[in-house]
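Next up, work11.cif (mmCIF, C-alpha atoms, pLDDT in the B column; chains and numbers go by the auth columns):
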data_entry
#
loop_
_atom_site.group_PDB
_atom_site.id
_atom_site.type_symbol
_atom_site.label_atom_id
_atom_site.label_comp_id
_atom_site.label_asym_id
_atom_site.label_seq_id
_atom_site.Cartn_x
_atom_site.Cartn_y
_atom_site.Cartn_z
_atom_site.B_iso_or_equiv
_atom_site.auth_seq_id
_atom_site.auth_asym_id
ATOM 1 C CA MET A 1 -115.030 -129.904 -107.802 49.00 1 A
ATOM 2 C CA ALA A 2 -114.484 -129.376 -104.085 68.00 2 A
ATOM 3 C CA GLY A 3 -111.593 -127.258 -102.856 74.00 3 A
ATOM 4 C CA LEU A 4 -108.875 -128.322 -100.476 81.00 4 A
ATOM 5 C CA ASP A 5 -110.064 -128.077 -96.848 83.00 5 A
ATOM 6 C CA LEU A 6 -107.173 -127.154 -94.545 84.00 6 A
ATOM 7 C CA SER A 7 -109.300 -126.489 -91.468 84.00 7 A
ATOM 8 C CA GLY A 8 -108.203 -129.777 -89.883 89.00 8 A
ATOM 9 C CA ILE A 9 -104.561 -128.697 -89.672 91.00 9 A
ATOM 10 C CA VAL A 10 -105.202 -125.137 -88.458 91.00 10 A
ATOM 11 C CA PRO A 11 -105.134 -126.077 -84.728 92.00 11 A
ATOM 12 C CA PHE A 12 -101.907 -128.055 -85.234 93.00 12 A
ATOM 13 C CA VAL A 13 -100.155 -125.156 -87.012 91.00 13 A
ATOM 14 C CA GLU A 14 -101.415 -122.600 -84.482 93.00 14 A
ATOM 15 C CA ASP A 15 -100.237 -124.728 -81.528 94.00 15 A
ATOM 16 C CA LEU A 16 -96.852 -125.232 -83.199 94.00 16 A
ATOM 17 C CA ILE A 17 -96.148 -121.615 -84.175 95.00 17 A
ATOM 18 C CA LEU A 18 -98.376 -119.144 -82.316 97.00 18 A
ATOM 19 C CA LEU A 19 -96.707 -119.438 -78.905 97.00 19 A
ATOM 20 C CA ASP A 20 -96.458 -115.804 -77.807 97.00 20 A
ATOM 21 C CA VAL A 21 -98.909 -112.939 -77.254 97.00 21 A
ATOM 22 C CA VAL A 22 -98.797 -110.035 -79.706 97.00 22 A
ATOM 23 C CA ARG A 23 -100.616 -106.725 -79.557 96.00 23 A
ATOM 24 C CA PHE A 24 -101.831 -104.668 -82.536 96.00 24 A
ATOM 25 C CA THR A 25 -102.581 -100.988 -81.915 94.00 25 A
ATOM 26 C CA THR A 26 -103.239 -97.956 -84.042 92.00 26 A
ATOM 27 C CA PRO A 27 -100.344 -95.490 -84.195 85.00 27 A
ATOM 28 C CA ALA A 28 -100.673 -92.699 -81.632 82.00 28 A
ATOM 29 C CA ALA A 29 -99.404 -89.173 -81.883 78.00 29 A
ATOM 30 C CA GLY A 30 -96.469 -88.097 -79.800 78.00 30 A
ATOM 31 C CA ALA A 31 -92.766 -88.664 -79.411 81.00 31 A
ATOM 32 C CA PRO A 32 -91.378 -92.013 -78.245 81.00 32 A
ATOM 33 C CA VAL A 33 -91.320 -92.439 -74.462 82.00 33 A
ATOM 34 C CA PHE A 34 -88.454 -94.039 -72.528 85.00 34 A
ATOM 35 C CA ASN A 35 -89.436 -97.263 -70.752 83.00 35 A
ATOM 36 C CA PRO A 36 -87.018 -97.821 -67.833 88.00 36 A
ATOM 37 C CA ASP A 37 -88.076 -101.479 -67.533 83.00 37 A
ATOM 38 C CA THR A 38 -86.895 -102.338 -71.052 78.00 38 A
ATOM 39 C CA GLY A 39 -84.367 -99.540 -71.583 81.00 39 A
ATOM 40 C CA LEU A 40 -86.047 -98.735 -74.915 77.00 40 A
ATOM 41 C CA TYR A 41 -87.923 -95.774 -76.328 79.00 41 A
ATOM 42 C CA GLU A 42 -91.454 -96.845 -77.201 77.00 42 A
ATOM 43 C CA ILE A 43 -94.074 -95.229 -79.377 73.00 43 A
ATOM 44 C CA PRO A 44 -97.187 -94.463 -77.303 77.00 44 A
ATOM 45 C CA GLU A 45 -99.966 -96.925 -78.018 74.00 45 A
ATOM 46 C CA GLY A 46 -103.153 -95.943 -79.747 88.00 46 A
ATOM 47 C CA ASP A 47 -106.357 -97.952 -79.795 92.00 47 A
ATOM 48 C CA LEU A 48 -106.112 -101.695 -79.256 95.00 48 A
ATOM 49 C CA ILE A 49 -107.008 -103.691 -82.384 95.00 49 A
ATOM 50 C CA TYR A 50 -105.916 -107.203 -81.339 97.00 50 A
ATOM 51 C CA GLU A 51 -104.156 -108.909 -78.463 97.00 51 A
ATOM 52 C CA GLY A 52 -103.744 -112.651 -78.639 97.00 52 A
ATOM 53 C CA ARG A 53 -101.739 -115.565 -79.950 97.00 53 A
ATOM 54 C CA GLY A 54 -98.970 -114.775 -82.388 97.00 54 A
ATOM 55 C CA ALA A 55 -95.314 -115.058 -83.304 96.00 55 A
ATOM 56 C CA VAL A 56 -92.752 -112.582 -84.628 95.00 56 A
ATOM 57 C CA GLN A 57 -89.972 -113.947 -86.802 92.00 57 A
ATOM 58 C CA SER A 58 -87.177 -112.259 -88.721 86.00 58 A
ATOM 59 C CA GLY A 59 -87.427 -112.227 -92.469 72.00 59 A
ATOM 60 C CA THR A 60 -84.678 -111.278 -94.889 59.00 60 A
ATOM 61 C CA LEU A 61 -81.567 -109.361 -93.886 45.00 61 A
ATOM 62 C CA PRO A 62 -81.841 -105.600 -93.250 44.00 62 A
ATOM 63 C CA GLU A 63 -81.260 -103.276 -96.154 46.00 63 A
ATOM 64 C CA THR A 64 -80.010 -99.690 -96.218 44.00 64 A
ATOM 65 C CA ALA A 65 -82.491 -97.239 -97.641 47.00 65 A
ATOM 66 C CA SER A 66 -81.382 -94.600 -100.100 46.00 66 A
ATOM 67 C CA ALA A 67 -82.732 -91.140 -100.725 48.00 67 A
ATOM 68 C CA VAL A 68 -85.076 -90.644 -103.658 54.00 68 A
ATOM 69 C CA VAL A 69 -82.728 -88.174 -105.385 56.00 69 A
ATOM 70 C CA ALA A 70 -79.581 -89.809 -106.747 57.00 70 A
ATOM 71 C CA THR A 71 -77.367 -86.870 -105.756 59.00 71 A
ATOM 72 C CA GLN A 72 -78.403 -87.092 -102.094 57.00 72 A
ATOM 73 C CA PRO A 73 -76.399 -89.121 -99.539 56.00 73 A
ATOM 74 C CA TRP A 74 -77.459 -92.508 -98.204 53.00 74 A
ATOM 75 C CA ILE A 75 -79.917 -92.395 -95.348 54.00 75 A
ATOM 76 C CA ASN A 76 -78.533 -93.911 -92.155 51.00 76 A
ATOM 77 C CA GLU A 77 -81.554 -96.137 -91.573 52.00 77 A
ATOM 78 C CA THR A 78 -82.176 -99.794 -92.190 54.00 78 A
ATOM 79 C CA THR A 79 -85.289 -101.655 -93.165 64.00 79 A
ATOM 80 C CA SER A 80 -85.550 -104.546 -90.718 69.00 80 A
ATOM 81 C CA LYS A 81 -87.752 -107.160 -92.282 83.00 81 A
ATOM 82 C CA TYR A 82 -89.882 -109.231 -89.915 91.00 82 A
ATOM 83 C CA LYS A 83 -93.182 -111.062 -90.103 93.00 83 A
ATOM 84 C CA VAL A 84 -95.902 -111.528 -87.519 95.00 84 A
ATOM 85 C CA TYR A 85 -98.057 -114.647 -87.634 95.00 85 A
ATOM 86 C CA THR A 86 -101.563 -114.631 -86.144 96.00 86 A
ATOM 87 C CA PRO A 87 -104.647 -116.840 -86.383 95.00 87 A
ATOM 88 C CA LEU A 88 -106.930 -116.311 -89.365 92.00 88 A
ATOM 89 C CA SER A 89 -109.530 -115.128 -86.858 92.00 89 A
ATOM 90 C CA ALA A 90 -107.316 -112.133 -85.940 94.00 90 A
ATOM 91 C CA PRO A 91 -108.163 -108.853 -87.650 93.00 91 A
ATOM 92 C CA ILE A 92 -106.217 -107.763 -90.691 92.00 92 A
ATOM 93 C CA ALA A 93 -103.496 -105.329 -89.672 92.00 93 A
ATOM 94 C CA ALA A 94 -103.703 -102.141 -91.722 91.00 94 A
ATOM 95 C CA ARG A 95 -100.563 -100.389 -92.943 91.00 95 A
ATOM 96 C CA ASP A 96 -98.751 -98.629 -90.039 90.00 96 A
ATOM 97 C CA THR A 97 -100.394 -100.753 -87.342 93.00 97 A
ATOM 98 C CA ILE A 98 -98.007 -100.961 -84.367 92.00 98 A
ATOM 99 C CA VAL A 99 -97.149 -104.531 -83.357 94.00 99 A
ATOM 100 C CA THR A 100 -95.696 -105.257 -79.915 93.00 100 A
ATOM 101 C CA VAL A 101 -94.743 -108.571 -78.323 95.00 101 A
ATOM 102 C CA ALA A 102 -96.656 -108.508 -75.029 95.00 102 A
ATOM 103 C CA GLN A 103 -95.706 -111.947 -73.681 96.00 103 A
ATOM 104 C CA VAL A 104 -93.319 -114.733 -74.674 96.00 104 A
ATOM 105 C CA HIS A 105 -93.743 -118.438 -74.024 96.00 105 A
ATOM 106 C CA PRO A 106 -91.573 -120.223 -71.426 95.00 106 A
ATOM 107 C CA GLY A 107 -88.094 -120.567 -72.915 95.00 107 A
ATOM 108 C CA GLY A 108 -88.894 -117.922 -75.538 93.00 108 A
ATOM 109 C CA ASP A 109 -86.787 -114.908 -76.493 93.00 109 A
ATOM 110 C CA THR A 110 -87.482 -112.338 -73.778 93.00 110 A
ATOM 111 C CA THR A 111 -85.615 -109.652 -75.759 90.00 111 A
ATOM 112 C CA LEU A 112 -88.747 -109.437 -77.924 91.00 112 A
ATOM 113 C CA LEU A 113 -90.753 -108.004 -75.018 91.00 113 A
ATOM 114 C CA GLY A 114 -91.551 -104.359 -75.613 83.00 114 A
ATOM 115 C CA ARG A 115 -89.973 -104.208 -79.060 87.00 115 A
ATOM 116 C CA GLN A 116 -92.186 -102.577 -81.651 89.00 116 A
ATOM 117 C CA TRP A 117 -92.728 -103.008 -85.356 92.00 117 A
ATOM 118 C CA ARG A 118 -94.846 -101.205 -87.938 91.00 118 A
ATOM 119 C CA ALA A 119 -96.990 -103.135 -90.423 93.00 119 A
ATOM 120 C CA MET A 120 -95.613 -102.433 -93.892 90.00 120 A
ATOM 121 C CA ASP A 121 -98.766 -103.440 -95.760 86.00 121 A
ATOM 122 C CA PRO A 122 -102.142 -104.923 -94.885 86.00 122 A
ATOM 123 C CA SER A 123 -101.948 -108.544 -93.759 80.00 123 A
ATOM 124 C CA GLN A 124 -101.429 -111.043 -96.534 80.00 124 A
ATOM 125 C CA GLY A 125 -104.187 -113.397 -97.498 74.00 125 A
ATOM 126 C CA GLY A 126 -104.442 -116.491 -99.626 75.00 126 A
ATOM 127 C CA THR A 127 -106.800 -119.214 -100.677 73.00 127 A
ATOM 128 C CA LEU A 128 -104.834 -121.906 -98.839 76.00 128 A
ATOM 129 C CA GLY A 129 -103.813 -119.979 -95.726 82.00 129 A
ATOM 130 C CA VAL A 130 -103.832 -121.566 -92.285 89.00 130 A
ATOM 131 C CA ILE A 131 -102.427 -118.559 -90.396 93.00 131 A
ATOM 132 C CA ARG A 132 -102.328 -114.837 -91.179 93.00 132 A
ATOM 133 C CA VAL A 133 -98.960 -113.303 -92.169 92.00 133 A
ATOM 134 C CA THR A 134 -98.137 -109.594 -91.910 92.00 134 A
ATOM 135 C CA SER A 135 -94.876 -108.000 -93.063 91.00 135 A
ATOM 136 C CA LEU A 136 -93.237 -105.730 -90.509 91.00 136 A
ATOM 137 C CA ASP A 137 -90.461 -103.169 -90.253 90.00 137 A
ATOM 138 C CA GLN A 138 -88.875 -102.823 -86.819 88.00 138 A
ATOM 139 C CA ILE A 139 -89.260 -99.366 -85.315 83.00 139 A
ATOM 140 C CA GLN A 140 -85.713 -98.165 -84.812 72.00 140 A
ATOM 141 C CA GLN A 141 -84.813 -97.188 -81.282 59.00 141 A
ATOM 142 C CA ALA A 142 -83.653 -93.614 -80.787 48.00 142 A
ATOM 143 C CA SER A 143 -80.128 -93.542 -79.392 45.00 143 A
ATOM 144 C CA ASP A 144 -80.280 -89.893 -78.312 46.00 144 A
ATOM 145 C CA GLY A 145 -83.553 -90.011 -76.420 43.00 145 A
ATOM 146 C CA ALA A 146 -85.545 -88.437 -79.236 42.00 146 A
#

Produce structure tokens that represent the structure in this file.
Amino acid sequence: MAGLDLSGIVPFVEDLILLDVVRFTTPAAGAPVFNPDTGLYEIPEGDLIYEGRGAVQSGTLPETASAVVATQPWINETTSKYKVYTPLSAPIAARDTIVTVAQVHPGGDTTLLGRQWRAMDPSQGGTLGVIRVTSLDQIQQASDGA
């Protein structure tokens, strides 16, 4: 019995969804650096893994993380759930890969430029996939310059 061949719809889905340019890099050592062009603190980039077509979309609502020990206070940090979509030909993003939106399409959300996310797990895979999906957590911006 032959399997379902989805290769015919891959170009359609990619052209419909993968409108921006995303960059995958390895995490680099060092403190975040202030970027005066974006007004954000950015983690220095490591080695380039992928730069090409992609899309970043929000996932579920942010959640507040709690400390492991029940008697400890709540941690003032949220988990911002996002997903990045890339072609199946893109490399699998390992856990902690840094994802940055490098370019947005005309009419796209320019506030995504320069924002950074960390891959939560290796990219998802599936038998019937037409694009690659990777879960992300937004890297929180330091408000005190640190």

For range 41-53 of chain A, what centre and edge lengths in Å (one decimal) does the axis-aligned box get once 6 Å is added on each side of all its listed atoms, as JSON?
{"center_x": -97.5, "center_y": -105.0, "center_z": -79.4, "size_x": 31.1, "size_y": 33.1, "size_z": 18.1}

CA of Ser135 in chain A to CA of Lys81 in chain A, straight-line distance in Å
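Straight-line distance from CA of Lys81 in chain A to CA of Ser135 in chain A works out to 7.2 Å.
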
Please write as JSON, numbers by chain the full residue list that the PyMOL selection byres ((chain A and resi 116) around 6) yields on this file.
{"A": [99, 100, 115, 117, 139]}

The PyMOL selection byres ((chain A and resi 42) around 9) resolved against shown file, as a list of chain:residue names:
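Written out, the selection comes to A:Ala31, A:Pro32, A:Val33, A:Phe34, A:Asn35, A:Leu40, A:Tyr41, A:Ile43, A:Pro44, A:Glu45, A:Gly114, A:Arg115, A:Gln116, A:Ile139, A:Gln141.
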
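Here the PyMOL selection byres ((chain A and resi 47-61) around 6) matches the residues A:Leu18, A:Asp20, A:Val21, A:Val22, A:Arg23, A:Phe24, A:Thr25, A:Thr26, A:Gly46, A:Pro62, A:Lys81, A:Tyr82, A:Lys83, A:Val84, A:Tyr85, A:Thr86.
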
Using all atoms listed in the file, the residue out of A:Pro106, A:Pro11, A:Pro27, A:Gly3 with shortest distance to Ala119 in chain A is A:Pro27

Write out as an MDAnalysis selection string the residues lying within 10 Å of Gly129 in chain A, counting all atoms listed in the file and excluding same-chain residues fewer than 3 positions away.
chainID A and resid 6:7 10 87:88 124:126 132:133

Need the neighbours of (-104.0, -102.3, -91.2): which residues are at most 8 Å away, counting only C-alpha atoms, as number ranges by chain?
A: 92-97, 119, 121-123

Tell me, in Å to one decimal, how far CA of Leu128 in chain A is from CA of Ile9 in chain A.
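Value for the CA of Leu128 in chain A-CA of Ile9 in chain A distance: 11.4 Å.
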
Of the candidates A:Asp137, A:Asp15, A:Asp37, A:Asp5, which shows the shortest atom-to-atom distance to Met120 in chain A, using only C-alpha atoms?
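With only C-alpha atoms as the atom set, the closest residue is A:Asp137.
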